[in-house]
Amino acid sequence: MFSEKANKIFQDVIEKYHIINTVDQPFTNVYDKDSNLLEHLLYRKCWIDTVQWHYEDIIRDPQIDPVAALKLKRQIDASNQDRTDMVEFIDSYFLDKYKDVTAKPDATINTESPAWGIDRLSILALKIYHMNEEATRTDASDAHRAACQKKLDVLLEQRVDLSTAIDTLLDDISKGDKYMKVYKQMKMYNDDELNPVLRSQK
């Protein structure tokens, strides 16, 4: 199943990141773009999410230098754009894969595209990894670990449900029971023609 592959890749990415565990470490994609395009995209997508997860930790430091915080905010903005771009690349992969499928007359559209479901699955992998850290942290109280274990149990159940939903959606698309229709995000705040503040600086 697709979700089994995706979850394995996401776990590999997160574990790889935490070997060095710093946001400025170099990135190397272990999958070749030409021979393993989908795996290449999934690996890159989760790496972006993992780095951004830690950006969000850093910027919440109440003692952070304001200049450093502004720089980090710009990095988070760029990361968000990369994240959106990768979602669109993944959807483009599926659009191409199923381009010859004829939708049935009663086919319906899903509330989100496959890649936006995959986006949530990647973030969920990060939640599970870090909640497990908290549930097993030896310097935390028993109450803290127990509370985090309960949350972890819910996250693990959520991953099963989301994985099943994504696999079902892809299967339905492949059979023509559902069809894909992808809308570009059209984010405005990074565009110097659409953001009035940026436009005024030109």
# chains A, B, ... in the order shown; residues from 1 in each chain; ligands from 1
>>> residues_around(residues="Lys5 in chain A", least_positions_apart="2", cutoff="12 Å", atoms="only C-alpha atoms", output="VMD selection string")
chain A and resid 1 to 3 7 to 12 38 to 40 42 to 43 118 121 to 122 163 167
>>> residues_around(residues="Glu134 in chain A", least_positions_apart="3", cutoff="8 Å", atoms="only C-alpha atoms", output="list in words")
His130, Met131, Arg137, Ala140, His144, Arg145 and Cys148 of chain A
>>> select_by_dssp(residues="range 5-119 of chain A", states="helix (DSSP H, G or I)", output="PyMOL selection string")
chain A and resi 5-20+37-59+66-97+114-119
>>> closest_residue(among="A:Leu155, A:Lys184, A:Lys16, A:Thr111", to="Ser92 in chain A", atoms="only C-alpha atoms")
A:Lys184
>>> atom_distance(atom1="CA of Thr50 in chain A", atom2="CA of Val13 in chain A")
8.1 Å
>>> closest_residue(among="A:Ala115, A:Val67, A:Ala103, A:Thr164", to="Thr84 in chain A", atoms="only C-alpha atoms")
A:Ala115
>>> closest_residue(among="A:Asp139, A:Lys104, A:Gly117, A:Lys202", to="Thr168 in chain A", atoms="only C-alpha atoms")
A:Gly117
>>> select_by_dssp(residues="chain A", states="strand (DSSP E)", output="PyMOL selection string")
chain A and resi 108-109+178-179
>>> residues_around(residues="range 25-29 of chain A", least_positions_apart="4", cutoff="9 Å", atoms="only C-alpha atoms", output="ChimeraX atom specification")
/A:17,20-21,33,40,43-44,47
>>> closest_residue(among="A:Leu126, A:Ser113, A:Leu37, A:Gln81", to="His54 in chain A", atoms="only C-alpha atoms")
A:Leu126
>>> atom_distance(atom1="CA of Asp171 in chain A", atom2="CA of Tyr93 in chain A")
15.1 Å
>>> closest_residue(among="A:Ala143, A:Leu41, A:Ala125, A:Met180", to="Glu157 in chain A", atoms="only C-alpha atoms")
A:Ala125
>>> residues_around(residues="range 68-74 of chain A", least_positions_apart="6", cutoff="12 Å", atoms="only C-alpha atoms", output="list in words")
Val23, Asp24, Val51, Gln52, His54, Tyr55, Glu56, Asp57, Ile58, Ile59, Arg60, Asp61, Pro62, Asn80, Gln81, Tyr189 and Asn190 of chain A
